[in-house]
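To be precise, the following lines are upload.cif, and they hold mmCIF, C-alpha atoms, pLDDT in the B column; chains and numbers go by the auth columns.
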data_entry
loop_
_atom_site.group_PDB
_atom_site.id
_atom_site.type_symbol
_atom_site.label_atom_id
_atom_site.label_comp_id
_atom_site.label_asym_id
_atom_site.label_seq_id
_atom_site.Cartn_x
_atom_site.Cartn_y
_atom_site.Cartn_z
_atom_site.B_iso_or_equiv
_atom_site.auth_seq_id
_atom_site.auth_asym_id
ATOM 1 C CA MET A 1 -17.339 -4.424 -1.580 40.00 1 A
ATOM 2 C CA ALA A 2 -14.324 -5.311 0.501 52.00 2 A
ATOM 3 C CA ASP A 3 -13.546 -2.935 3.368 66.00 3 A
ATOM 4 C CA PHE A 4 -10.046 -2.320 2.044 59.00 4 A
ATOM 5 C CA CYS A 5 -11.485 -1.005 -1.244 64.00 5 A
ATOM 6 C CA THR A 6 -13.728 1.335 0.745 66.00 6 A
ATOM 7 C CA ALA A 7 -10.568 2.554 2.473 64.00 7 A
ATOM 8 C CA ALA A 8 -8.944 3.102 -0.922 62.00 8 A
ATOM 9 C CA TYR A 9 -11.862 5.230 -2.083 61.00 9 A
ATOM 10 C CA THR A 10 -11.620 7.228 1.153 66.00 10 A
ATOM 11 C CA LEU A 11 -7.928 7.842 0.471 62.00 11 A
ATOM 12 C CA ALA A 12 -8.789 8.949 -3.056 63.00 12 A
ATOM 13 C CA TRP A 13 -11.485 11.276 -1.706 62.00 13 A
ATOM 14 C CA THR A 14 -8.948 13.017 0.545 63.00 14 A
ATOM 15 C CA ARG A 15 -6.987 13.844 -2.600 60.00 15 A
ATOM 16 C CA GLN A 16 -10.052 15.689 -3.898 63.00 16 A
ATOM 17 C CA LEU A 17 -9.705 18.077 -0.958 64.00 17 A
ATOM 18 C CA ASP A 18 -6.447 19.270 -2.497 63.00 18 A
ATOM 19 C CA ARG A 19 -8.455 20.663 -5.426 68.00 19 A
ATOM 20 C CA ASP A 20 -11.066 22.373 -3.227 69.00 20 A
ATOM 21 C CA PRO A 21 -10.506 26.158 -3.110 70.00 21 A
ATOM 22 C CA GLY A 22 -11.520 26.133 0.551 70.00 22 A
ATOM 23 C CA PHE A 23 -8.375 24.108 1.301 67.00 23 A
ATOM 24 C CA ALA A 24 -6.039 26.162 -0.903 69.00 24 A
ATOM 25 C CA ASP A 25 -3.813 27.174 2.032 73.00 25 A
ATOM 26 C CA ALA A 26 -3.656 23.698 3.570 70.00 26 A
ATOM 27 C CA ALA A 27 -0.771 21.308 3.033 70.00 27 A
ATOM 28 C CA PRO A 28 -1.618 18.677 0.418 67.00 28 A
ATOM 29 C CA LEU A 29 -2.923 15.369 1.711 66.00 29 A
ATOM 30 C CA ARG A 30 -1.006 12.399 0.348 71.00 30 A
ATOM 31 C CA ALA A 31 -1.677 8.935 1.670 76.00 31 A
ATOM 32 C CA VAL A 32 -1.244 5.523 0.105 82.00 32 A
ATOM 33 C CA ALA A 33 -1.461 1.973 1.411 84.00 33 A
ATOM 34 C CA ALA A 34 -0.150 -1.369 0.216 89.00 34 A
ATOM 35 C CA LEU A 35 -1.424 -4.856 1.040 88.00 35 A
ATOM 36 C CA HIS A 36 0.435 -8.167 0.902 91.00 36 A
ATOM 37 C CA VAL A 37 0.212 -11.582 2.520 90.00 37 A
ATOM 38 C CA GLY A 38 3.436 -13.263 3.536 87.00 38 A
ATOM 39 C CA ALA A 39 5.688 -14.455 6.322 87.00 39 A
ATOM 40 C CA LEU A 40 7.457 -12.063 8.659 87.00 40 A
ATOM 41 C CA PHE A 41 9.149 -11.933 12.021 89.00 41 A
ATOM 42 C CA HIS A 42 8.047 -9.354 14.559 88.00 42 A
ATOM 43 C CA GLY A 43 8.910 -8.401 18.077 90.00 43 A
ATOM 44 C CA ASN A 44 11.063 -6.221 20.261 89.00 44 A
ATOM 45 C CA ILE A 45 14.573 -5.814 18.922 86.00 45 A
ATOM 46 C CA GLY A 46 17.417 -3.999 20.641 87.00 46 A
ATOM 47 C CA ALA A 47 18.944 -3.680 24.075 87.00 47 A
ATOM 48 C CA GLU A 48 17.072 -4.000 27.352 83.00 48 A
ATOM 49 C CA ASP A 49 17.103 -0.238 27.869 88.00 49 A
ATOM 50 C CA ARG A 50 16.118 0.544 24.272 89.00 50 A
ATOM 51 C CA LEU A 51 13.689 -1.811 22.575 88.00 51 A
ATOM 52 C CA ASP A 52 12.006 -1.134 19.269 90.00 52 A
ATOM 53 C CA PHE A 53 9.022 -3.116 18.071 90.00 53 A
ATOM 54 C CA THR A 54 9.645 -3.997 14.437 89.00 54 A
ATOM 55 C CA ALA A 55 8.747 -6.403 11.680 89.00 55 A
ATOM 56 C CA ILE A 56 11.314 -7.888 9.306 89.00 56 A
ATOM 57 C CA GLY A 57 11.285 -10.313 6.405 90.00 57 A
ATOM 58 C CA SER A 58 10.908 -10.490 2.656 90.00 58 A
ATOM 59 C CA GLY A 59 7.146 -9.828 2.920 90.00 59 A
ATOM 60 C CA VAL A 60 7.817 -6.614 4.825 91.00 60 A
ATOM 61 C CA ASN A 61 10.271 -5.487 2.144 92.00 61 A
ATOM 62 C CA LEU A 62 7.805 -6.338 -0.626 92.00 62 A
ATOM 63 C CA VAL A 63 4.932 -4.377 0.913 92.00 63 A
ATOM 64 C CA ALA A 64 7.217 -1.393 1.586 92.00 64 A
ATOM 65 C CA ARG A 65 8.324 -1.393 -2.062 93.00 65 A
ATOM 66 C CA LEU A 66 4.723 -1.827 -3.205 93.00 66 A
ATOM 67 C CA GLU A 67 3.767 1.212 -1.130 92.00 67 A
ATOM 68 C CA ALA A 68 6.514 3.219 -2.860 92.00 68 A
ATOM 69 C CA LEU A 69 5.139 2.050 -6.223 92.00 69 A
ATOM 70 C CA ALA A 70 1.663 3.252 -5.195 90.00 70 A
ATOM 71 C CA LYS A 71 3.135 6.723 -4.672 87.00 71 A
ATOM 72 C CA ARG A 72 4.906 6.697 -8.045 89.00 72 A
ATOM 73 C CA VAL A 73 1.821 5.637 -10.012 86.00 73 A
ATOM 74 C CA ASP A 74 -0.474 7.824 -7.885 82.00 74 A
ATOM 75 C CA ARG A 75 -2.801 5.073 -6.678 84.00 75 A
ATOM 76 C CA PRO A 76 -4.203 5.273 -3.139 82.00 76 A
ATOM 77 C CA LEU A 77 -4.072 1.507 -2.566 85.00 77 A
ATOM 78 C CA GLU A 78 -2.151 -1.292 -4.234 90.00 78 A
ATOM 79 C CA MET A 79 -1.885 -4.962 -3.472 92.00 79 A
ATOM 80 C CA SER A 80 0.239 -7.924 -4.405 94.00 80 A
ATOM 81 C CA ALA A 81 -1.063 -10.926 -6.320 95.00 81 A
ATOM 82 C CA ALA A 82 -0.853 -12.927 -3.076 93.00 82 A
ATOM 83 C CA PHE A 83 -3.322 -10.560 -1.427 91.00 83 A
ATOM 84 C CA ALA A 84 -5.479 -10.188 -4.544 92.00 84 A
ATOM 85 C CA ALA A 85 -5.937 -13.971 -4.698 92.00 85 A
ATOM 86 C CA LEU A 86 -7.646 -13.880 -1.296 88.00 86 A
ATOM 87 C CA THR A 87 -10.409 -11.446 -2.196 86.00 87 A
ATOM 88 C CA ASP A 88 -13.425 -11.441 -4.437 83.00 88 A
ATOM 89 C CA ALA A 89 -13.397 -7.632 -4.746 84.00 89 A
ATOM 90 C CA ALA A 90 -13.342 -6.109 -8.226 87.00 90 A
ATOM 91 C CA LEU A 91 -9.682 -5.424 -8.977 91.00 91 A
ATOM 92 C CA GLU A 92 -7.781 -3.694 -11.727 92.00 92 A
ATOM 93 C CA PRO A 93 -4.495 -5.328 -12.782 95.00 93 A
ATOM 94 C CA LEU A 94 -1.643 -2.829 -12.895 93.00 94 A
ATOM 95 C CA GLY A 95 0.835 -5.094 -14.655 94.00 95 A
ATOM 96 C CA GLN A 96 4.181 -6.498 -13.623 95.00 96 A
ATOM 97 C CA HIS A 97 6.676 -4.322 -11.792 94.00 97 A
ATOM 98 C CA ARG A 98 10.279 -4.814 -10.760 93.00 98 A
ATOM 99 C CA LEU A 99 10.756 -3.642 -7.199 91.00 99 A
ATOM 100 C CA HIS A 100 14.094 -2.793 -5.590 90.00 100 A
ATOM 101 C CA GLY A 101 15.269 -5.636 -3.373 87.00 101 A
ATOM 102 C CA VAL A 102 12.647 -8.096 -4.678 88.00 102 A
ATOM 103 C CA ALA A 103 14.130 -10.857 -6.849 88.00 103 A
ATOM 104 C CA LEU A 104 11.264 -11.394 -9.290 92.00 104 A
ATOM 105 C CA PRO A 105 8.816 -8.951 -10.893 94.00 105 A
ATOM 106 C CA ILE A 106 5.491 -8.808 -9.074 94.00 106 A
ATOM 107 C CA ASP A 107 1.957 -8.431 -10.362 96.00 107 A
ATOM 108 C CA ALA A 108 0.283 -5.404 -8.774 95.00 108 A
ATOM 109 C CA PHE A 109 -3.444 -4.770 -8.421 94.00 109 A
ATOM 110 C CA ALA A 110 -5.683 -1.899 -7.341 90.00 110 A
ATOM 111 C CA CYS A 111 -9.363 -1.679 -6.515 84.00 111 A
ATOM 112 C CA ALA A 112 -11.429 -1.231 -9.670 83.00 112 A
ATOM 113 C CA ALA A 113 -13.036 2.172 -10.115 70.00 113 A
ATOM 114 C CA GLU A 114 -16.554 2.442 -8.734 50.00 114 A
#

Take the structure in the file and write it out as C-alpha cells.
Amino acid sequence: MADFCTAAYTLAWTRQLDRDPGFADAAPLRAVAALHVGALFHGNIGAEDRLDFTAIGSGVNLVARLEALAKRVDRPLEMSAAFAALTDAALEPLGQHRLHGVALPIDAFACAAE
C-alpha cells in the first residue's frame, strides 16, 4: 500500500481517540491532508528585512481548496485526479466537485477502506 494511504489511515485512527472515554477532556483531534501534482512558484517573498517563504500558483490554490473539501466531507486524505493517476494504490472516487477559485470541476479521490 502506498505510504500516503498509510498516513491517511493514521489520520483516521487519531479521530478514534476522540471517541475514547480516556480522552474525554482532551481537545478533539482534527487533521486532514490533500495531495495534488502541479506547477507552482516558491521562494522568499517580501522585503530584505522581512522575507516569507511561500508557494503560489494554481496548483497551490487547488490543493488548498481540496484540503477544505476534505474537512467538509470528513475524509482524512483526499487527492486530485492528477495525483491519483500517478499511484497504483486502491482509491475510492469521491465524484466531481466545484472548488472556489478553480475554473473547472475536479475529480476527487480518497484511499479505499482497508

With distances taken over all atoms listed in the file, which of A:Ala68, A:Ile106, A:Val32, A:Ala39 is nearest to Ser80 (chain A)?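 So, comparing all the options, the nearest one is A:Ile106.
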
One decimal, Å: what's the distance from CA of Val102 (chain A) over to CA of Asn61 (chain A), could you say? 7.7 Å

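From CA of Leu35 (chain A) back to CA of Ala110 (chain A), the distance works out to 9.9 Å.
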
Please identify all polymer residues lying at most 8 Å from the point (7.1, 2.2, -11.8) (file coordinates), using all atoms listed in the file, and present the result as an NGL selection string. :A and (69 or 72-73 or 97-98)

Please expand the PyMOL selection byres ((chain A and resi 34) around 8) into the concrete residues it hits in this file, giving the result as a list of chain:residue names.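 That expression, the PyMOL selection byres ((chain A and resi 34) around 8), corresponds here to A:Val32, A:Ala33, A:Leu35, A:His36, A:Val63, A:Ala64, A:Leu66, A:Glu67, A:Ala70, A:Leu77, A:Glu78, A:Met79.
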
Could you save the residues just selected, with C-alpha atoms, as a CSV table (one decimal), keeping the file's coordinate frame?
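Heads up, here's the output in out-v3.csv:
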chain,number,residue,atom,x,y,z
A,32,VAL,CA,-1.2,5.5,0.1
A,33,ALA,CA,-1.5,2.0,1.4
A,35,LEU,CA,-1.4,-4.9,1.0
A,36,HIS,CA,0.4,-8.2,0.9
A,63,VAL,CA,4.9,-4.4,0.9
A,64,ALA,CA,7.2,-1.4,1.6
A,66,LEU,CA,4.7,-1.8,-3.2
A,67,GLU,CA,3.8,1.2,-1.1
A,70,ALA,CA,1.7,3.3,-5.2
A,77,LEU,CA,-4.1,1.5,-2.6
A,78,GLU,CA,-2.2,-1.3,-4.2
A,79,MET,CA,-1.9,-5.0,-3.5

I'd like the contact shell of Pro93 (chain A) - 8 Å cut-off, only C-alpha atoms, skipping same-chain residues fewer than 4 positions apart - returned as number ranges by chain. A: 107-110

For a test of reading the model, state the distance in Å between CA of Phe41 (chain A) and CA of Arg75 (chain A), rounded to one decimal.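 Computed distance, CA of Phe41 (chain A) to CA of Arg75 (chain A), equals 28.0 Å.
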
So that I can see what lies close to Gly38 (chain A), please list as a list in words the residues with an atom at most 10 Å from it, counting only C-alpha atoms and leaving out residues fewer than 3 positions away in the same chain.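 So the residues in contact are Gly57, Ser58, Gly59, Val60, Leu62, Val63, Ala82 and Phe83 of chain A.
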
Quick one: everything within 9 Å of Phe53 (chain A), counting all atoms listed in the file, minus sequence neighbours fewer than 3 positions away in the same chain. Send it as a list in words.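 Everything that qualifies: His42, Gly43, Asn44, Ile45 and Gly46 of chain A.
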
Would you write out, as number ranges by chain, every residue that the PyMOL selection byres ((chain A and resi 112) around 6) captures in this file? A: 90-92, 111, 113

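Checking A:Glu48, A:Asp74, A:Thr54, A:Ala84 one by one against Ala31 (chain A), counting only C-alpha atoms, you find the shortest gap at A:Asp74.
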
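Considering the residues A:Arg50, A:Leu99, A:Val37, A:Leu104 and counting only C-alpha atoms, Ala81 (chain A) has its shortest atom-to-atom contact with A:Val37.
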
Between A:Lys71, A:Thr87, A:Asp52, A:Leu94, which one has atoms that come closest to Arg30 (chain A), using only C-alpha atoms?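 The closest residue to Arg30 (chain A) is A:Lys71.
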
Take region 22-48 of chain A, bring it up to N, CA and C atoms, and give me the output as a PDB file, keeping the file's coordinate frame.
ATOM      1  N   GLY A  22     -11.449  25.890  -0.888  1.00 70.00           N
ATOM      2  CA  GLY A  22     -11.520  26.133   0.551  1.00 70.00           C
ATOM      3  C   GLY A  22     -10.314  25.592   1.308  1.00 70.00           C
ATOM      4  N   PHE A  23      -9.552  24.695   0.673  1.00 67.00           N
ATOM      5  CA  PHE A  23      -8.375  24.108   1.301  1.00 67.00           C
ATOM      6  C   PHE A  23      -7.090  24.572   0.611  1.00 67.00           C
ATOM      7  N   ALA A  24      -7.170  25.681  -0.108  1.00 69.00           N
ATOM      8  CA  ALA A  24      -6.039  26.162  -0.903  1.00 69.00           C
ATOM      9  C   ALA A  24      -4.791  26.415  -0.060  1.00 69.00           C
ATOM     10  N   ASP A  25      -4.969  26.856   1.184  1.00 73.00           N
ATOM     11  CA  ASP A  25      -3.813  27.174   2.032  1.00 73.00           C
ATOM     12  C   ASP A  25      -3.336  25.983   2.852  1.00 73.00           C
ATOM     13  N   ALA A  26      -4.033  24.876   2.781  1.00 70.00           N
ATOM     14  CA  ALA A  26      -3.656  23.698   3.570  1.00 70.00           C
ATOM     15  C   ALA A  26      -2.571  22.895   2.847  1.00 70.00           C
ATOM     16  N   ALA A  27      -1.775  22.205   3.623  1.00 70.00           N
ATOM     17  CA  ALA A  27      -0.771  21.308   3.033  1.00 70.00           C
ATOM     18  C   ALA A  27      -1.487  20.183   2.298  1.00 70.00           C
ATOM     19  N   PRO A  28      -0.950  19.748   1.169  1.00 67.00           N
ATOM     20  CA  PRO A  28      -1.618  18.677   0.418  1.00 67.00           C
ATOM     21  C   PRO A  28      -1.673  17.375   1.212  1.00 67.00           C
ATOM     22  N   LEU A  29      -2.764  16.662   1.064  1.00 66.00           N
ATOM     23  CA  LEU A  29      -2.923  15.369   1.711  1.00 66.00           C
ATOM     24  C   LEU A  29      -2.448  14.285   0.757  1.00 66.00           C
ATOM     25  N   ARG A  30      -1.496  13.493   1.167  1.00 71.00           N
ATOM     26  CA  ARG A  30      -1.006  12.399   0.348  1.00 71.00           C
ATOM     27  C   ARG A  30      -0.915  11.160   1.228  1.00 71.00           C
ATOM     28  N   ALA A  31      -1.702  10.184   0.910  1.00 76.00           N
ATOM     29  CA  ALA A  31      -1.677   8.935   1.670  1.00 76.00           C
ATOM     30  C   ALA A  31      -1.875   7.780   0.704  1.00 76.00           C
ATOM     31  N   VAL A  32      -1.086   6.744   0.881  1.00 82.00           N
ATOM     32  CA  VAL A  32      -1.244   5.523   0.105  1.00 82.00           C
ATOM     33  C   VAL A  32      -1.117   4.346   1.068  1.00 82.00           C
ATOM     34  N   ALA A  33      -1.588   3.201   0.617  1.00 84.00           N
ATOM     35  CA  ALA A  33      -1.461   1.973   1.411  1.00 84.00           C
ATOM     36  C   ALA A  33      -1.160   0.830   0.464  1.00 84.00           C
ATOM     37  N   ALA A  34      -0.472  -0.173   0.991  1.00 89.00           N
ATOM     38  CA  ALA A  34      -0.150  -1.369   0.216  1.00 89.00           C
ATOM     39  C   ALA A  34      -0.508  -2.593   1.046  1.00 89.00           C
ATOM     40  N   LEU A  35      -0.990  -3.629   0.372  1.00 88.00           N
ATOM     41  CA  LEU A  35      -1.424  -4.856   1.040  1.00 88.00           C
ATOM     42  C   LEU A  35      -0.699  -6.060   0.446  1.00 88.00           C
ATOM     43  N   HIS A  36      -0.261  -6.954   1.312  1.00 91.00           N
ATOM     44  CA  HIS A  36       0.435  -8.167   0.902  1.00 91.00           C
ATOM     45  C   HIS A  36       0.211  -9.226   1.972  1.00 91.00           C
ATOM     46  N   VAL A  37       0.299 -10.464   1.584  1.00 90.00           N
ATOM     47  CA  VAL A  37       0.212 -11.582   2.520  1.00 90.00           C
ATOM     48  C   VAL A  37       1.520 -12.344   2.428  1.00 90.00           C
ATOM     49  N   GLY A  38       2.172 -12.533   3.544  1.00 87.00           N
ATOM     50  CA  GLY A  38       3.436 -13.263   3.536  1.00 87.00           C
ATOM     51  C   GLY A  38       3.977 -13.432   4.935  1.00 87.00           C
ATOM     52  N   ALA A  39       5.050 -14.176   5.027  1.00 87.00           N
ATOM     53  CA  ALA A  39       5.688 -14.455   6.322  1.00 87.00           C
ATOM     54  C   ALA A  39       6.535 -13.272   6.772  1.00 87.00           C
ATOM     55  N   LEU A  40       6.605 -13.089   8.081  1.00 87.00           N
ATOM     56  CA  LEU A  40       7.457 -12.063   8.659  1.00 87.00           C
ATOM     57  C   LEU A  40       7.795 -12.457  10.087  1.00 87.00           C
ATOM     58  N   PHE A  41       8.789 -11.801  10.615  1.00 89.00           N
ATOM     59  CA  PHE A  41       9.149 -11.933  12.021  1.00 89.00           C
ATOM     60  C   PHE A  41       8.865 -10.588  12.668  1.00 89.00           C
ATOM     61  N   HIS A  42       8.319 -10.618  13.880  1.00 88.00           N
ATOM     62  CA  HIS A  42       8.047  -9.354  14.559  1.00 88.00           C
ATOM     63  C   HIS A  42       8.344  -9.510  16.031  1.00 88.00           C
ATOM     64  N   GLY A  43       8.645  -8.393  16.647  1.00 90.00           N
ATOM     65  CA  GLY A  43       8.910  -8.401  18.077  1.00 90.00           C
ATOM     66  C   GLY A  43       9.780  -7.231  18.474  1.00 90.00           C
ATOM     67  N   ASN A  44      10.192  -7.256  19.729  1.00 89.00           N
ATOM     68  CA  ASN A  44      11.063  -6.221  20.261  1.00 89.00           C
ATOM     69  C   ASN A  44      12.502  -6.568  19.918  1.00 89.00           C
ATOM     70  N   ILE A  45      13.191  -5.614  19.314  1.00 86.00           N
ATOM     71  CA  ILE A  45      14.573  -5.814  18.922  1.00 86.00           C
ATOM     72  C   ILE A  45      15.385  -4.680  19.524  1.00 86.00           C
ATOM     73  N   GLY A  46      16.539  -5.020  20.068  1.00 87.00           N
ATOM     74  CA  GLY A  46      17.417  -3.999  20.641  1.00 87.00           C
ATOM     75  C   GLY A  46      17.939  -4.428  21.996  1.00 87.00           C
ATOM     76  N   ALA A  47      18.407  -3.448  22.740  1.00 87.00           N
ATOM     77  CA  ALA A  47      18.944  -3.680  24.075  1.00 87.00           C
ATOM     78  C   ALA A  47      17.832  -3.533  25.106  1.00 87.00           C
ATOM     79  N   GLU A  48      18.080  -4.031  26.296  1.00 83.00           N
ATOM     80  CA  GLU A  48      17.072  -4.000  27.352  1.00 83.00           C
ATOM     81  C   GLU A  48      16.586  -2.586  27.655  1.00 83.00           C
TER      82      GLU A  48
END
